[in-house]
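Structure, as structure tokens:
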Amino acid sequence: MRRTVDTAERASRLPAEDFAALEAIDARLRWLSAWTIFNANHLRDSRDGLKVGGHQASCASMTAIMAVLYFHALRPRDRVAVKPHAGPVLHAIHYLLGNQTRDQLERFRGLGGAQSYPSRTKDRIPVDFSTGSVGLGVAITAFASLVQDYLLAHDLMPQAEAGRMVALLGDAELDEGNIYECLIEAYKHEIRNCWWIVDYNRQSLDATTADRMFDRFGDMFATCGWRVLTLKHGKLQKAAFGRPGGRSLEEWIENCPNADYAALTYQGGAGWRERLLADMGDRPHVRDLLAGYDDEALSALMTNLGGHCVETLAEAFAIADDDVPTLFIAYTVKGFGLPFAGHKDNHAGLTNPGQMAALRERMGIREGDEWEPYAGLGDNAASSLRAFVASSPLASPEAGRTADPVATPPSLAAPTSPRQSTQGAFGRILLDLAKSGHPIADRIVTTSPDVTVSTNLGAFVNQRGLFRRKDVRDVFQAARIPSAQKWSAGGAGQHIELGIAENNLFLMLAALGLSGPLFGTRLVPIGTVYDPFIARGLDALNYGCYQDARFLLVATPSGITLGPEGGAHQSIGSPLLGMAQPGLTYFEPAFADELALAMRWAFEHMQADDGGSVYLRLTTREIDQVERTDDLWQADALRGAYWLKAPMEGSGAALAFTGAIAPEVIAAWHALIDDLPGLGLLNVTSPDLLHRGWSAARAARWSGRTPGRSHVETLLDALDPGAGLVTIVDGSPSTLSWLGGVRGMRVSPLGVDRFGQTGDLPDLYRAYRLDVDAVVEAAGELFIGA
């Protein structure tokens with residue numbers, strides 16, 4: 001469904017004074033955003049000599065869109081992802097609304113000041129979705145709309161509180177593949193209440209965009225069920241088109257290449273006149289039409305595109321006042337109203353002091369009043385505009401949404417089979433929860449990119465069902481065809497099935513993990529993925545963690561332990577990703593009871609004020625479970641490691657391992673114990689927590705705080721200061737090799753540092769030095785040989 005917004009088809013009409021107010025706000029936002037960036041680059045002291053930046057041109061193309069959106073169209077329950085480079089405009093909006101301080105604006109892009117790009121966790125103004133990684137802030141709004149539908153279907157929020165999920169994006173973001181991965185998934189799930197508003201300035205960082213894409217974007221979205229509204233012309237242009245010669249002008253604009261239009265915009269009225277007369281001066285009435293405009297007016301006419309016309313924008317937003325997903329293609333000029341408007345190099349361009357002084361003079365702002373929100377308007381106009389801002393729907397801050405915590409079971413029972421894999425145990429623990437009737441089971445939402453069955457989510461889905469807004473029956477079950485999977489779907493289901501796109505998985509998890517702050521209801525999201533394919537969606541994973549979304553990521557199978565699948569399906573660096581990613585805590589349990597303990601901890605951590613998301617690296621390898629004589633190991637396991645075999649006091653040797661490689665290490669310990677009496681065996685359940693605790697203790701010393709002793713230091717105190725360690729992990733050896741730096745011990749690190757290949761485990765473990773012989777040999781060289 002595609003249409004071009006025309007002033008003749010007005011869905012509603014605001015009073016003329018309201019349009020005038022919106023135009024005045026547009027000018028305010030353009031000034032304040034430009035001045036904020038100018039101040040950071042030209043007035044604030046530069047101690048390092050680096051350009052601060054700030055994208056004045058990208059702000060200027062968005063100010064009218066954001067003025068009409070924030071001061072007219074948005075409702076309190078709507079949520080917005082703002083184009084990263086328009087961050088200063090968002091700060092200017094909240095400056096007018098009284099939610100932002102001058103101090104924050106003066107420190108824009110400085111330590112403790114307003115952030116470069118809108119940030120939920122770093123900025124002091126209300127930010128619904130962090131943006132910065134191109135395209136991800138757009139796509140998450142579609143998944144947020146799906147989360148809202150989920151909450152509505154489960155009666156977890158009232159219908160009256162439903163809002164729109166809005167994304168403001170630059171047209172260059174439409175080159176990002178994650179946009180289209182998301183679009184496909186959104187179509188499958190029939191998303192609603194979603195607006196994407198494209199700042200179609202037709203310029204990217206390096207150049208103008210391809211002309212042949214003019215119509216294709218709209219076609220793609222229309223094919224996926226979106227309403228497409230094209231805002232190409234403002235009211236000045238439309239009025240000119242109705243005059244004699246106007247039809248020729250309209251045809252010329254329709255056919256003008258992007259690069260030409262941008263260059264002529266930069267050249268101004270004289271340039272426009274020369275080109276228009278050369279191209280169509282011989283057509284009837286064209287010369288007379290152009291003669292009716294001086295150069296300044298002609299420039300204003302030719303840049304009066306739909307995305308800069310508050311009337312056209314207001315009408316378009318009114319047309320879309322329903323739940324149909326809508327793409328607005330708002331034609332704009334990059335750098336509109338600034339000296340470098342249209343110039344191909346303006347993406348990172350900055351106004352110089354002379355240009356800024358001229359702009360200030362044109363705005364009627366006295367020197368020294370640059371930060372005054374309504375400077376240059378005069379008392380009456382300023383008072384009127386201040387009142388208009390105060391009466392806008394977003395002027396009264398919405399009460400902060402607090403999500404009540406979800407009760408967590410006092411413990412999770414581990415499956416009791418004497419031989420099992422952590423992946424199998426994960427599926428069983430979830431199934432038991434689904435059957436338990438515990439309140440947390442009703443808030444769990446699982447999701448997976450077409451690997452639901454192979455990551456052991458199937459039993460949970462059979463118990464709790466797939467989520468769809470409309471009921472979908474399981475045809476195989478209805479036909480009585482035997483299958484272990486029951487794939488009926490409906491509004492009560494608790495699993496969201498995704499296609500094969502890991503980027504979508506992490507955006508889905510991020511949206512689910514923000515349900516508390518966005519919608520006032522906390523969910524407990526659990527997503528499963530093949531461990532090697534975390535890297536496919538790493539940008540989106542980082543994005544979710546950056547805005548403090550809370551979720552449990554279960555990645556399995558992992559390492560070369562997934563032998564027959566070969567190198568493309570074997571993960572090497574994922575433990576290091578887990579350790580390096582802020583906002584994510586990585587566990588790699590070897591045994592089922594460790595997994596149950598970590599999962600219960602994760603449910604608490606995901607809800608804690610100082611908590612975050614959790615990553616479990618699991619395996620399909622079934623191994624013998626250890627017998628426990630007590631629960632004393634549990635506290636240490638939740639701090640990152642515990643002694644599976646405690647060393648003799650002052651021992652000079654220990655083995656340290658993580659995860660699926662446990663049987664080989666335990667067998668090696670038994671083979672070595674006679675030659676190395678007192679040999680310790682350290683089970684590292686979370687290299688991440690262990691390393692983080694050590695780093696925090698060291699930071700305390702450096703910062704003058706009272707240093708505490710880290711858990712890893714306490715554990716290694718049982719060894720002689722000159723002891724040696726053999727570390728073993730089915731992944732990068734760097735995951736554990738750092739242990740030697742804690743007390744200056746000698747280390748022999750075993751792990752995988754090259755691509756794997758197909759094979760059975762005995763062959764692969766021998767080839768990559770993870771078998772019993774490799775551990776014994778490393779220990780012999782390090783301990784006995786020494």
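We name chains A, B, ... following the order of the structure tokens; residues begin at 1 in each chain, and ligands are numbered from 1 as shown.
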
Query - helix (DSSP H, G or I) call set, DSSP backbone run, segment 266-412 of chain A, as a count of residues only - result: 67

Query raised in the report: Which residues, written as JSON, numbers by chain, have at least one atom at most 8 Å from Gly678 of chain A, with only C-alpha atoms counted and residues fewer than 4 positions away on the same chain left out?
Result: {"A": [646, 647, 648, 649, 651, 653, 673]}

Selected residues, N, CA and C atoms, written as an mmCIF file, in the first residue's frame, please.
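Listed below is the output, selection_30.cif:
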data_model
loop_
_atom_site.group_PDB
_atom_site.id
_atom_site.type_symbol
_atom_site.label_atom_id
_atom_site.label_comp_id
_atom_site.auth_asym_id
_atom_site.auth_seq_id
_atom_site.Cartn_x
_atom_site.Cartn_y
_atom_site.Cartn_z
ATOM 1 N N ALA A 646 40.613 -30.722 46.144
ATOM 2 C CA ALA A 646 41.390 -29.701 46.849
ATOM 3 C C ALA A 646 42.866 -30.092 46.900
ATOM 4 N N PRO A 647 43.755 -29.148 46.677
ATOM 5 C CA PRO A 647 45.192 -29.462 46.742
ATOM 6 C C PRO A 647 45.661 -29.603 48.189
ATOM 7 N N MET A 648 46.722 -30.303 48.357
ATOM 8 C CA MET A 648 47.366 -30.343 49.665
ATOM 9 C C MET A 648 47.952 -28.956 49.928
ATOM 10 N N GLU A 649 47.874 -28.503 51.156
ATOM 11 C CA GLU A 649 48.392 -27.181 51.505
ATOM 12 C C GLU A 649 49.835 -27.035 51.041
ATOM 13 N N SER A 651 50.828 -27.185 47.956
ATOM 14 C CA SER A 651 51.103 -27.995 46.774
ATOM 15 C C SER A 651 51.720 -27.143 45.677
ATOM 16 N N ALA A 653 51.361 -27.849 42.399
ATOM 17 C CA ALA A 653 50.787 -28.139 41.086
ATOM 18 C C ALA A 653 49.268 -28.201 41.158
ATOM 19 N N ILE A 673 48.270 -38.322 40.094
ATOM 20 C CA ILE A 673 48.251 -38.102 41.537
ATOM 21 C C ILE A 673 49.362 -38.853 42.273
#

Query raised in the report: Which is closest to Asp171 of chain A among A:Asp282, A:Asp260, A:Asp199, A:Asp636, if we use only C-alpha atoms?
Result: A:Asp199

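Non-sequential neighbours of Thr452 of chain A (distance at most 10 Å, separation of 5 or more positions within a chain, only C-alpha atoms) are Thr446, Thr447, Leu457, Gly458, Ala459, Phe460, Val461, His495, Ile496, Glu497, Leu498, Gly527, Thr528 and Val529 of chain A.
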
Report task. Enumerate as a list in words all residues of segment 190-269 of chain A assigned to strand (DSSP E) by DSSP on the backbone, naming them with the chain letters and numbers the document uses. Result -> Cys194, Trp195, Trp196, Ile197, Val198, Asp199, Tyr200, Arg227, Val228, Leu229, Thr230 and Leu231 of chain A

Output N, CA and C atoms for every residue in the selection just made, as a PDB file, in the first residue's frame.
ATOM      1  N   CYS A 194       3.774   0.132  14.589  1.00  0.00           N
ATOM      2  CA  CYS A 194       5.181   0.410  14.341  1.00  0.00           C
ATOM      3  C   CYS A 194       5.307   1.441  13.229  1.00  0.00           C
ATOM      4  N   TRP A 195       6.033   2.504  13.494  1.00  0.00           N
ATOM      5  CA  TRP A 195       6.340   3.528  12.495  1.00  0.00           C
ATOM      6  C   TRP A 195       7.841   3.571  12.283  1.00  0.00           C
ATOM      7  N   TRP A 196       8.261   3.551  11.028  1.00  0.00           N
ATOM      8  CA  TRP A 196       9.636   3.851  10.682  1.00  0.00           C
ATOM      9  C   TRP A 196       9.629   5.101   9.816  1.00  0.00           C
ATOM     10  N   ILE A 197      10.325   6.135  10.250  1.00  0.00           N
ATOM     11  CA  ILE A 197      10.327   7.427   9.560  1.00  0.00           C
ATOM     12  C   ILE A 197      11.725   7.653   8.990  1.00  0.00           C
ATOM     13  N   VAL A 198      11.815   7.652   7.671  1.00  0.00           N
ATOM     14  CA  VAL A 198      13.103   7.754   6.994  1.00  0.00           C
ATOM     15  C   VAL A 198      13.413   9.214   6.687  1.00  0.00           C
ATOM     16  N   ASP A 199      14.537   9.675   7.202  1.00  0.00           N
ATOM     17  CA  ASP A 199      15.086  10.981   6.825  1.00  0.00           C
ATOM     18  C   ASP A 199      15.756  10.782   5.467  1.00  0.00           C
ATOM     19  N   TYR A 200      14.986  11.020   4.399  1.00  0.00           N
ATOM     20  CA  TYR A 200      15.437  10.657   3.056  1.00  0.00           C
ATOM     21  C   TYR A 200      16.185  11.822   2.429  1.00  0.00           C
ATOM     22  N   ARG A 227       2.146  -0.042   5.209  1.00  0.00           N
ATOM     23  CA  ARG A 227       1.685   1.158   4.524  1.00  0.00           C
ATOM     24  C   ARG A 227       2.911   2.036   4.256  1.00  0.00           C
ATOM     25  N   VAL A 228       3.048   2.538   3.060  1.00  0.00           N
ATOM     26  CA  VAL A 228       4.170   3.393   2.705  1.00  0.00           C
ATOM     27  C   VAL A 228       3.633   4.770   2.338  1.00  0.00           C
ATOM     28  N   LEU A 229       4.039   5.785   3.084  1.00  0.00           N
ATOM     29  CA  LEU A 229       3.636   7.164   2.829  1.00  0.00           C
ATOM     30  C   LEU A 229       4.869   7.956   2.412  1.00  0.00           C
ATOM     31  N   THR A 230       4.835   8.517   1.222  1.00  0.00           N
ATOM     32  CA  THR A 230       5.954   9.286   0.694  1.00  0.00           C
ATOM     33  C   THR A 230       5.664  10.771   0.841  1.00  0.00           C
ATOM     34  N   LEU A 231       6.538  11.459   1.567  1.00  0.00           N
ATOM     35  CA  LEU A 231       6.395  12.899   1.818  1.00  0.00           C
ATOM     36  C   LEU A 231       7.487  13.599   1.020  1.00  0.00           C
TER      37      LEU A 231
END

Requested in this report: Could you give me, as a ChimeraX atom specification, the residues within 10 Å of segment 15-20 of chain A, counting only C-alpha atoms and dropping anything in the same chain fewer than 4 positions from it?
Outcome: /A:24-26,68,72,309-311,314,384-385,388

Those same residues - C-alpha atoms - I'd like them written as a JSON list (two decimals), in the first residue's frame.
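And here is the file that came out, part-v7.json:
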[["chain", "number", "residue", "atom", "x", "y", "z"],
["A", 24, "ALA", "CA", 9.30, 27.92, 15.42],
["A", 25, "ILE", "CA", 10.23, 24.76, 17.36],
["A", 26, "ASP", "CA", 11.83, 23.37, 14.20],
["A", 68, "VAL", "CA", 6.09, 17.53, 14.74],
["A", 72, "HIS", "CA", 2.24, 16.97, 18.25],
["A", 309, "CYS", "CA", 7.08, 20.97, 6.03],
["A", 310, "VAL", "CA", 5.35, 20.70, 9.38],
["A", 311, "GLU", "CA", 1.93, 20.71, 7.73],
["A", 314, "ALA", "CA", 1.31, 16.43, 10.64],
["A", 384, "SER", "CA", 3.40, 31.79, 23.39],
["A", 385, "LEU", "CA", 5.88, 29.14, 22.28],
["A", 388, "PHE", "CA", 2.70, 25.53, 23.37]]

Query - Given only C-alpha atoms as the counted atoms, nearest of A:Ser483, A:Ser748, A:Ser558, A:Ser703 to Glu781 of chain A - result: A:Ser748

Requested in this report: Might you pull out every residue within 9 Å of Gly271 of chain A, with only C-alpha atoms counted and same-chain residues fewer than 6 positions away left off, and present them as a PyMOL selection string?
Outcome: chain A and resi 263-265+295+299

Query raised in the report: Could you name the residues that touch Leu394 of chain A at 10 Å or less, counting only C-alpha atoms, but leaving out those on the same chain fewer than 2 positions away, as a ChimeraX atom specification?
Result: /A:70-78,94,97,389-392,396-398

Let's have the selection written as a tab-separated table (two decimals), in the first residue's frame, with N, CA and C atoms.
chain	number	residue	atom	x	y	z
A	70	TYR	N	7.45	15.00	18.30
A	70	TYR	CA	7.50	15.12	19.76
A	70	TYR	C	6.52	16.15	20.32
A	71	PHE	N	6.18	17.16	19.55
A	71	PHE	CA	5.30	18.21	20.09
A	71	PHE	C	3.90	18.17	19.51
A	72	HIS	N	3.59	17.09	18.78
A	72	HIS	CA	2.24	16.97	18.25
A	72	HIS	C	1.77	15.52	18.18
A	73	ALA	N	2.53	14.64	17.53
A	73	ALA	CA	2.00	13.32	17.17
A	73	ALA	C	2.18	12.25	18.24
A	74	LEU	N	3.27	12.31	19.00
A	74	LEU	CA	3.54	11.25	19.97
A	74	LEU	C	2.55	11.28	21.13
A	75	ARG	N	2.28	10.07	21.63
A	75	ARG	CA	1.48	9.90	22.84
A	75	ARG	C	2.39	9.41	23.95
A	76	PRO	N	1.98	9.60	25.21
A	76	PRO	CA	2.89	9.22	26.31
A	76	PRO	C	3.36	7.78	26.28
A	77	ARG	N	2.57	6.87	25.71
A	77	ARG	CA	2.96	5.45	25.72
A	77	ARG	C	3.78	5.06	24.50
A	78	ASP	N	3.99	5.97	23.58
A	78	ASP	CA	4.82	5.67	22.41
A	78	ASP	C	6.29	5.61	22.81
A	94	HIS	N	14.51	17.83	24.83
A	94	HIS	CA	14.36	17.71	26.29
A	94	HIS	C	14.84	18.97	27.01
A	97	LEU	N	11.76	20.91	26.97
A	97	LEU	CA	10.79	20.31	27.89
A	97	LEU	C	11.22	20.42	29.35
A	389	VAL	N	4.77	24.48	24.07
A	389	VAL	CA	5.61	23.36	24.49
A	389	VAL	C	5.05	22.72	25.75
A	390	ALA	N	4.62	23.54	26.70
A	390	ALA	CA	4.11	23.04	27.97
A	390	ALA	C	2.81	22.26	27.80
A	391	SER	N	2.08	22.53	26.72
A	391	SER	CA	0.80	21.84	26.50
A	391	SER	C	0.93	20.60	25.62
A	392	SER	N	2.15	20.29	25.17
A	392	SER	CA	2.33	19.14	24.29
A	392	SER	C	2.15	17.85	25.08
A	396	SER	N	4.30	16.65	30.29
A	396	SER	CA	4.18	16.14	31.66
A	396	SER	C	4.82	14.77	31.70
A	397	PRO	N	5.95	14.66	32.39
A	397	PRO	CA	6.67	13.38	32.37
A	397	PRO	C	5.79	12.24	32.88
A	398	GLU	N	5.84	11.13	32.16
A	398	GLU	CA	5.12	9.95	32.59
A	398	GLU	C	5.77	9.39	33.85

Report task. Give me the residues within 12 Å of Tyr586 of chain A as a PyMOL selection string, counting only C-alpha atoms and dropping any in the same chain fewer than 4 places off. Result -> chain A and resi 552-555+574-582+595+598-599+601-602+612-618+638-640+658-659+684-692+735

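Remark: for Pro244 of chain A, the closest of the candidate residues A:Ser734, A:Leu289, A:Thr727, A:Cys256 is A:Leu289 (distances computed over only C-alpha atoms).
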
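Residue nearest Tyr266 of chain A within the list A:Ile140, A:Ala278, A:Met302, A:Ile526: A:Met302 [criterion: smallest interatomic distance, only C-alpha atoms].
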